[in-house]
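Read through the structure below, which is laid out as structure tokens, and then see the notes.
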Amino acid sequence: MSVPREGLAARTQRSEALFAEAQKHLPGGVDSPVRAFRGVGGTPRFIARAKGSAVWDEDGNHYVDYLASWGPLIAGHAHPGVVAAIQEAATRGTSYGAPTQAEVELAQLVKQAFPSIELVRFVSSGTEATMTALRLARAFTGRDLILKFDGGYHGHADGLLVQAGSGPLTLGAPDSPGVPAVAAAQTLSVPYNDVVAARDALAAHPRQVAAVIVEPVAGNMGVIPPAPGFLEHLRELTRADGALLIFDEVITGFRVALGGAQERFRIRPDLTCLGKIVGGGLPVGAYGGRADIMQQISPLGPVYQAGTLSGNPLAMAAGLATLRLLTEPGVYDHLERLSARLTDGLGNAALSAGVAYTTNRVGSMFTGFFCPEPVTDYASAKAADTRRYARFFHAMLEHGVYLAPSQFEAGFVSLAHTEADIDATLAAAAEAFGEVTSRESRVAGE
Ligand code: KE4
């Protein structure tokens, strides 16, 4: 039986005090908007430390963590092998601005996992990876237009903040001010999983679209799997039109399979963007793909991209240590089994509590939506009851479970999660679903 902590209100004093101070110095008190709890209300928990599947906030509250830093921590927090690799690398210096053996080794591992990647370049974030992939696609094709999907989030580069998911969706601003109209005008966006809309968009701009960029499993509207045939059709449509197909695998890379969604769904994109797991919790992004395209990148070719800390030795060490854990046999079967038990259990708990709830899951990434209908695209995701999500989120927090602070994000199971963690989570959910409906009936009765 999961019991809410006594006097939890008193147990957020340090987070509250830190949040008040943080807001004097940082916009919204955070360094990334989705951390501010705007999608669920209340005070963001200031995290003091983490280990394995657990995080502790500054008030000493313990949580089973499914945020996993928005995806990178597939091996769990502070994995001893990852920490030791970072520590060892740090004793040899933290940055050289020169090539290193670690970059070569990590590139080899990425290419082994992703056969479509013949050349790869490391950068420091997913945003840098997708931003550069689009510049490269435009240079290679000589075309200007980009086609993305409603609710797809690919980082905060100007042309990609159009009908964007993740934070912009959570905060109700899918199109950001400050993006020049001419930049936004180069970006077409159609509903996710809608092959006809994608076909019509390409047909309306024949041989003018440089690339179609897609999250092969959407993670920024909450998790939405590709409909059967969706990715295959995108591959055919882009090949016929001469547009490049870019898989944004910043979340799905090394997550839904060692070789990401392109392994799981057997599609070969022209370019792939990576992030999160490839850095093992340190800042790494990457873009790569066909050699004839990547050879356009400076200093080989004319397309410029650079970065002071690209291929940073500490980040390369963390990425290498993490990926080597993922090449162990049975890793993905284990994640599949544990994640399925979690989401099946959440669905059953919601059913028992009479709460309309539907879970989407691919591998160890998942989202529970507070709505009765299947969630297959941006429109159906937006129909979810975000107030119920917020109540559930806080009820789970009170029961020691940390989910994504937005209905429109993904949760993640790691190699550090145990059967006992899943049991505790499902016990907490049984209480939390009940509290969602009882709070509503209390309000209705007032
Ligand atoms: P970063 O620049 O945040 O490293 O990566 C941008 C990015 C690109 N592509 C996909 C599919 C992504 O999900 C992301 C970033 N994801 C968000 C959460 N959904 C990061 C969390 C945040 O913005 O704080």
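Scheme for the structure tokens: letters A, B, ... for chains in order shown; per-chain residue numbers from 1; ligand numbers from 1 in order shown.
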
Would you pick out the contacts of segment 301-303 of chain A at 12 Å or less, using only C-alpha atoms, so that residues sharing its chain but fewer than 6 positions from it are not included, and give the list as a PDB file with N, CA and C atoms, in the first residue's frame?
```pdb
ATOM      1  N   THR A 132      21.621  21.602 -38.194  1.00  0.00           N
ATOM      2  CA  THR A 132      22.653  21.383 -39.210  1.00  0.00           C
ATOM      3  C   THR A 132      22.184  20.406 -40.279  1.00  0.00           C
ATOM      4  N   ALA A 133      21.432  19.403 -39.872  1.00  0.00           N
ATOM      5  CA  ALA A 133      20.916  18.439 -40.855  1.00  0.00           C
ATOM      6  C   ALA A 133      20.041  19.138 -41.884  1.00  0.00           C
ATOM      7  N   LEU A 134      19.270  20.128 -41.448  1.00  0.00           N
ATOM      8  CA  LEU A 134      18.428  20.862 -42.400  1.00  0.00           C
ATOM      9  C   LEU A 134      19.276  21.734 -43.321  1.00  0.00           C
ATOM     10  N   ARG A 135      20.299  22.377 -42.763  1.00  0.00           N
ATOM     11  CA  ARG A 135      21.191  23.205 -43.596  1.00  0.00           C
ATOM     12  C   ARG A 135      21.853  22.304 -44.648  1.00  0.00           C
ATOM     13  N   LEU A 136      22.277  21.145 -44.219  1.00  0.00           N
ATOM     14  CA  LEU A 136      22.950  20.204 -45.120  1.00  0.00           C
ATOM     15  C   LEU A 136      21.998  19.713 -46.203  1.00  0.00           C
ATOM     16  N   ALA A 137      20.753  19.417 -45.813  1.00  0.00           N
ATOM     17  CA  ALA A 137      19.766  18.944 -46.797  1.00  0.00           C
ATOM     18  C   ALA A 137      19.480  20.022 -47.835  1.00  0.00           C
ATOM     19  N   ARG A 138      19.380  21.278 -47.376  1.00  0.00           N
ATOM     20  CA  ARG A 138      19.120  22.373 -48.309  1.00  0.00           C
ATOM     21  C   ARG A 138      20.293  22.574 -49.266  1.00  0.00           C
ATOM     22  N   ALA A 139      21.502  22.434 -48.716  1.00  0.00           N
ATOM     23  CA  ALA A 139      22.677  22.599 -49.576  1.00  0.00           C
ATOM     24  C   ALA A 139      22.773  21.460 -50.583  1.00  0.00           C
ATOM     25  N   PHE A 140      22.510  20.248 -50.131  1.00  0.00           N
ATOM     26  CA  PHE A 140      22.670  19.076 -51.001  1.00  0.00           C
ATOM     27  C   PHE A 140      21.634  19.062 -52.113  1.00  0.00           C
ATOM     28  N   ALA A 291      27.216   9.026 -47.112  1.00  0.00           N
ATOM     29  CA  ALA A 291      28.516   9.685 -47.272  1.00  0.00           C
ATOM     30  C   ALA A 291      28.457  10.797 -48.317  1.00  0.00           C
ATOM     31  N   ASP A 292      27.707  10.576 -49.393  1.00  0.00           N
ATOM     32  CA  ASP A 292      27.665  11.605 -50.457  1.00  0.00           C
ATOM     33  C   ASP A 292      27.023  12.893 -49.943  1.00  0.00           C
ATOM     34  N   ILE A 293      26.204  12.783 -48.915  1.00  0.00           N
ATOM     35  CA  ILE A 293      25.592  13.987 -48.338  1.00  0.00           C
ATOM     36  C   ILE A 293      26.539  14.588 -47.294  1.00  0.00           C
ATOM     37  N   MET A 294      27.020  13.735 -46.381  1.00  0.00           N
ATOM     38  CA  MET A 294      27.862  14.205 -45.285  1.00  0.00           C
ATOM     39  C   MET A 294      29.180  14.795 -45.790  1.00  0.00           C
ATOM     40  N   GLN A 295      29.616  14.396 -46.994  1.00  0.00           N
ATOM     41  CA  GLN A 295      30.869  14.938 -47.528  1.00  0.00           C
ATOM     42  C   GLN A 295      30.753  16.410 -47.921  1.00  0.00           C
TER      43      GLN A 295
END
```

Give one line per residue of chain A that approaches ligand 1 to at most 8 Å, naming the two atoms of the closest pair and their distance in Å to one decimal, counting only C-alpha atoms and all ligand atoms; sort by chain then ascending residue number and deliver it as a tab-separated table.
```
residue	atom	partner	partner_atom_place_in_ligand_line	distance
A:Asp31	CA	ligand 1	24 (O)	7.8
A:Ser32	CA	ligand 1	24 (O)	4.6
A:Pro33	CA	ligand 1	24 (O)	6.3
A:Val34	CA	ligand 1	24 (O)	5.4
A:Arg35	CA	ligand 1	24 (O)	6.5
A:Ser69	CA	ligand 1	21 (C)	7.7
A:Trp70	CA	ligand 1	18 (C)	5.4
A:Gly71	CA	ligand 1	18 (C)	7.8
A:Ser124	CA	ligand 1	4 (O)	7.5
A:Ser125	CA	ligand 1	4 (O)	3.9
A:Gly126	CA	ligand 1	5 (O)	3.4
A:Thr127	CA	ligand 1	2 (O)	3.7
A:Glu128	CA	ligand 1	2 (O)	6.5
A:Ala129	CA	ligand 1	8 (C)	7.8
A:Thr130	CA	ligand 1	8 (C)	6.7
A:Gly152	CA	ligand 1	11 (C)	7.2
A:Tyr153	CA	ligand 1	10 (C)	5.4
A:His154	CA	ligand 1	9 (N)	3.6
A:Gly155	CA	ligand 1	6 (C)	3.6
A:His156	CA	ligand 1	2 (O)	6.9
A:Gly165	CA	ligand 1	19 (N)	7.8
A:Ser166	CA	ligand 1	19 (N)	5.0
A:Gly167	CA	ligand 1	23 (O)	6.3
A:Glu215	CA	ligand 1	11 (C)	5.8
A:Ala218	CA	ligand 1	11 (C)	7.3
A:Gly219	CA	ligand 1	13 (O)	6.3
A:Asn220	CA	ligand 1	19 (N)	5.1
A:Asp248	CA	ligand 1	11 (C)	5.6
A:Glu249	CA	ligand 1	11 (C)	6.1
A:Val250	CA	ligand 1	10 (C)	4.8
A:Ile251	CA	ligand 1	11 (C)	5.2
A:Thr252	CA	ligand 1	11 (C)	7.7
A:Cys273	CA	ligand 1	9 (N)	7.7
A:Leu274	CA	ligand 1	9 (N)	7.8
A:Gly275	CA	ligand 1	4 (O)	6.0
A:Lys276	CA	ligand 1	4 (O)	6.5
A:Pro283	CA	ligand 1	4 (O)	7.3
A:Val284	CA	ligand 1	4 (O)	7.5
A:Gly285	CA	ligand 1	4 (O)	6.6
A:Glu409	CA	ligand 1	19 (N)	5.7
A:Ala410	CA	ligand 1	19 (N)	7.1
```

Expected file contents, prior selection, C-alpha atoms, as a PDB file, in the first residue's frame:
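Output (again00.pdb):
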```
ATOM      1  CA  ASP A  31      17.261  26.782 -17.958  1.00  0.00           C
ATOM      2  CA  SER A  32      14.684  24.967 -20.065  1.00  0.00           C
ATOM      3  CA  PRO A  33      10.953  25.818 -20.055  1.00  0.00           C
ATOM      4  CA  VAL A  34       9.513  22.332 -19.591  1.00  0.00           C
ATOM      5  CA  ARG A  35      11.238  22.064 -16.204  1.00  0.00           C
ATOM      6  CA  SER A  69      16.427  13.689 -17.723  1.00  0.00           C
ATOM      7  CA  TRP A  70      13.983  13.633 -20.716  1.00  0.00           C
ATOM      8  CA  GLY A  71      15.540  10.461 -22.092  1.00  0.00           C
ATOM      9  CA  SER A 124      26.565  19.447 -28.300  1.00  0.00           C
ATOM     10  CA  SER A 125      22.785  19.168 -28.498  1.00  0.00           C
ATOM     11  CA  GLY A 126      19.929  17.716 -30.460  1.00  0.00           C
ATOM     12  CA  THR A 127      19.030  21.196 -31.642  1.00  0.00           C
ATOM     13  CA  GLU A 128      22.457  21.625 -33.210  1.00  0.00           C
ATOM     14  CA  ALA A 129      22.089  18.239 -34.874  1.00  0.00           C
ATOM     15  CA  THR A 130      18.710  18.926 -36.491  1.00  0.00           C
ATOM     16  CA  GLY A 152       6.942  17.187 -33.882  1.00  0.00           C
ATOM     17  CA  TYR A 153       9.666  18.835 -31.834  1.00  0.00           C
ATOM     18  CA  HIS A 154      13.173  18.970 -33.232  1.00  0.00           C
ATOM     19  CA  GLY A 155      14.805  21.514 -30.939  1.00  0.00           C
ATOM     20  CA  HIS A 156      14.520  25.285 -31.027  1.00  0.00           C
ATOM     21  CA  GLY A 165       5.548  19.829 -29.785  1.00  0.00           C
ATOM     22  CA  SER A 166       7.165  19.487 -26.326  1.00  0.00           C
ATOM     23  CA  GLY A 167       7.491  22.803 -24.479  1.00  0.00           C
ATOM     24  CA  GLU A 215      10.282  11.729 -35.237  1.00  0.00           C
ATOM     25  CA  ALA A 218       6.725  10.815 -31.817  1.00  0.00           C
ATOM     26  CA  GLY A 219       7.790  11.665 -28.278  1.00  0.00           C
ATOM     27  CA  ASN A 220       6.872  15.341 -28.047  1.00  0.00           C
ATOM     28  CA  ASP A 248      15.085  12.732 -35.822  1.00  0.00           C
ATOM     29  CA  GLU A 249      16.135   9.951 -33.447  1.00  0.00           C
ATOM     30  CA  VAL A 250      17.230  12.225 -30.615  1.00  0.00           C
ATOM     31  CA  ILE A 251      14.785  10.353 -28.353  1.00  0.00           C
ATOM     32  CA  THR A 252      14.404   7.031 -30.177  1.00  0.00           C
ATOM     33  CA  CYS A 273      19.876  13.060 -35.866  1.00  0.00           C
ATOM     34  CA  LEU A 274      20.886  11.715 -32.457  1.00  0.00           C
ATOM     35  CA  GLY A 275      21.138  13.123 -28.939  1.00  0.00           C
ATOM     36  CA  LYS A 276      20.312  12.245 -25.328  1.00  0.00           C
ATOM     37  CA  PRO A 283      25.882  17.225 -23.796  1.00  0.00           C
ATOM     38  CA  VAL A 284      26.118  15.344 -27.083  1.00  0.00           C
ATOM     39  CA  GLY A 285      24.133  15.558 -30.296  1.00  0.00           C
ATOM     40  CA  GLU A 409       6.090  14.392 -23.005  1.00  0.00           C
ATOM     41  CA  ALA A 410       7.417  10.849 -22.726  1.00  0.00           C
TER      42      ALA A 410
END
```

Legend entry - Spatial neighbours of segment 393-404 of chain A, max dist 10 Å, only C-alpha atoms, sep filter under 2 positions, as a ChimeraX atom specification: /A:2-9,34-35,37,39-42,45,54-56,61-70,222,367,387-391,406-412,421,424-436

Inset, instruction - Report the residues of segment 283-354 of chain A whose backbone DSSP state falls under strand (DSSP E), written as a ChimeraX atom specification. - result: /A:285-289

Legend entry - Shortest interatomic distance to Val223 of chain A - which of A:Val196, A:Val179, A:Ala381, A:Ala420, counting only C-alpha atoms: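 Using only C-alpha atoms, the shortest distance to Val223 of chain A belongs to A:Ala381.
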
Inset, instruction - Based on DSSP run over this structure's backbone, return all residues of segment 238-412 of chain A in alpha helix (DSSP H), as a VMD selection string. - result: chain A and resid 238 to 241 260 to 264 291 to 294 313 to 326 331 to 352 378 to 382 386 to 398

Considering only C-alpha atoms, return as an mmCIF file with all heavy atoms, in the first residue's frame whatever protein or nucleic-acid residues lie within 9 Å of Tyr378 of chain A, sequence-local ones (same chain, fewer than 3 positions apart) excluded.
```cif
data_model
loop_
_atom_site.group_PDB
_atom_site.id
_atom_site.type_symbol
_atom_site.label_atom_id
_atom_site.label_comp_id
_atom_site.auth_asym_id
_atom_site.auth_seq_id
_atom_site.Cartn_x
_atom_site.Cartn_y
_atom_site.Cartn_z
ATOM 1 N N PHE A 149 6.043 17.619 -39.105
ATOM 2 C CA PHE A 149 4.715 17.139 -38.719
ATOM 3 C C PHE A 149 4.231 17.866 -37.477
ATOM 4 O O PHE A 149 5.039 18.166 -36.579
ATOM 5 C CB PHE A 149 4.740 15.618 -38.514
ATOM 6 C CG PHE A 149 5.020 14.891 -39.802
ATOM 7 C CD1 PHE A 149 6.327 14.630 -40.183
ATOM 8 C CD2 PHE A 149 3.985 14.565 -40.677
ATOM 9 C CE1 PHE A 149 6.602 14.011 -41.396
ATOM 10 C CE2 PHE A 149 4.252 13.951 -41.892
ATOM 11 C CZ PHE A 149 5.565 13.674 -42.257
ATOM 12 N N ASP A 150 2.934 18.188 -37.460
ATOM 13 C CA ASP A 150 2.334 18.896 -36.316
ATOM 14 C C ASP A 150 2.657 18.151 -35.025
ATOM 15 O O ASP A 150 2.431 16.937 -34.932
ATOM 16 C CB ASP A 150 0.810 18.985 -36.471
ATOM 17 C CG ASP A 150 0.387 19.712 -37.746
ATOM 18 O OD1 ASP A 150 1.254 20.362 -38.374
ATOM 19 O OD2 ASP A 150 -0.794 19.591 -38.109
ATOM 20 N N GLY A 151 3.161 18.886 -34.053
ATOM 21 C CA GLY A 151 3.492 18.265 -32.769
ATOM 22 C C GLY A 151 4.881 17.676 -32.730
ATOM 23 O O GLY A 151 5.355 17.242 -31.677
ATOM 24 N N GLY A 152 5.547 17.647 -33.895
ATOM 25 C CA GLY A 152 6.942 17.187 -33.882
ATOM 26 C C GLY A 152 7.823 18.275 -33.287
ATOM 27 O O GLY A 152 7.669 19.450 -33.599
ATOM 28 N N GLY A 165 6.018 20.532 -30.975
ATOM 29 C CA GLY A 165 5.548 19.829 -29.785
ATOM 30 C C GLY A 165 6.410 20.179 -28.580
ATOM 31 O O GLY A 165 7.059 21.218 -28.543
ATOM 32 N N PRO A 191 -0.338 16.905 -40.417
ATOM 33 C CA PRO A 191 -0.595 16.015 -39.277
ATOM 34 C C PRO A 191 0.292 14.770 -39.300
ATOM 35 O O PRO A 191 0.549 14.193 -40.368
ATOM 36 C CB PRO A 191 -2.070 15.625 -39.449
ATOM 37 C CG PRO A 191 -2.665 16.749 -40.228
ATOM 38 C CD PRO A 191 -1.588 17.201 -41.165
ATOM 39 N N TYR A 192 0.761 14.381 -38.135
ATOM 40 C CA TYR A 192 1.572 13.163 -37.989
ATOM 41 C C TYR A 192 0.703 11.955 -38.349
ATOM 42 O O TYR A 192 -0.499 11.940 -38.103
ATOM 43 C CB TYR A 192 2.054 13.042 -36.539
ATOM 44 C CG TYR A 192 3.064 11.966 -36.275
ATOM 45 C CD1 TYR A 192 4.395 12.129 -36.642
ATOM 46 C CD2 TYR A 192 2.697 10.777 -35.656
ATOM 47 C CE1 TYR A 192 5.347 11.144 -36.400
ATOM 48 C CE2 TYR A 192 3.625 9.785 -35.398
ATOM 49 C CZ TYR A 192 4.960 9.968 -35.776
ATOM 50 O OH TYR A 192 5.883 8.984 -35.527
ATOM 51 N N MET A 221 4.543 14.870 -28.343
ATOM 52 C CA MET A 221 3.104 15.125 -28.182
ATOM 53 C C MET A 221 2.603 14.196 -27.082
ATOM 54 O O MET A 221 1.422 13.928 -26.966
ATOM 55 C CB MET A 221 2.346 14.784 -29.472
ATOM 56 C CG MET A 221 2.752 15.568 -30.670
ATOM 57 S SD MET A 221 1.766 15.037 -32.083
ATOM 58 C CE MET A 221 2.983 14.077 -32.969
ATOM 59 N N VAL A 375 -4.785 7.853 -29.095
ATOM 60 C CA VAL A 375 -4.051 9.073 -29.441
ATOM 61 C C VAL A 375 -3.099 8.737 -30.577
ATOM 62 O O VAL A 375 -2.169 7.953 -30.402
ATOM 63 C CB VAL A 375 -3.302 9.626 -28.218
ATOM 64 C CG1 VAL A 375 -2.458 10.834 -28.620
ATOM 65 C CG2 VAL A 375 -4.296 10.007 -27.122
ATOM 66 N N ALA A 381 -3.996 14.106 -29.380
ATOM 67 C CA ALA A 381 -3.217 14.325 -28.150
ATOM 68 C C ALA A 381 -3.747 15.549 -27.419
ATOM 69 O O ALA A 381 -3.924 15.546 -26.205
ATOM 70 C CB ALA A 381 -1.736 14.507 -28.482
ATOM 71 N N LYS A 382 -4.061 16.587 -28.160
ATOM 72 C CA LYS A 382 -4.536 17.831 -27.532
ATOM 73 C C LYS A 382 -5.910 17.663 -26.908
ATOM 74 O O LYS A 382 -6.344 18.489 -26.112
ATOM 75 C CB LYS A 382 -4.560 18.964 -28.561
ATOM 76 C CG LYS A 382 -3.195 19.538 -28.874
ATOM 77 C CD LYS A 382 -3.269 20.972 -29.384
ATOM 78 C CE LYS A 382 -4.060 21.074 -30.651
ATOM 79 N NZ LYS A 382 -4.093 22.468 -31.158
ATOM 80 N N ALA A 383 -6.613 16.582 -27.259
ATOM 81 C CA ALA A 383 -7.934 16.337 -26.669
ATOM 82 C C ALA A 383 -7.814 15.744 -25.265
ATOM 83 O O ALA A 383 -8.808 15.645 -24.540
ATOM 84 C CB ALA A 383 -8.731 15.396 -27.567
#
```
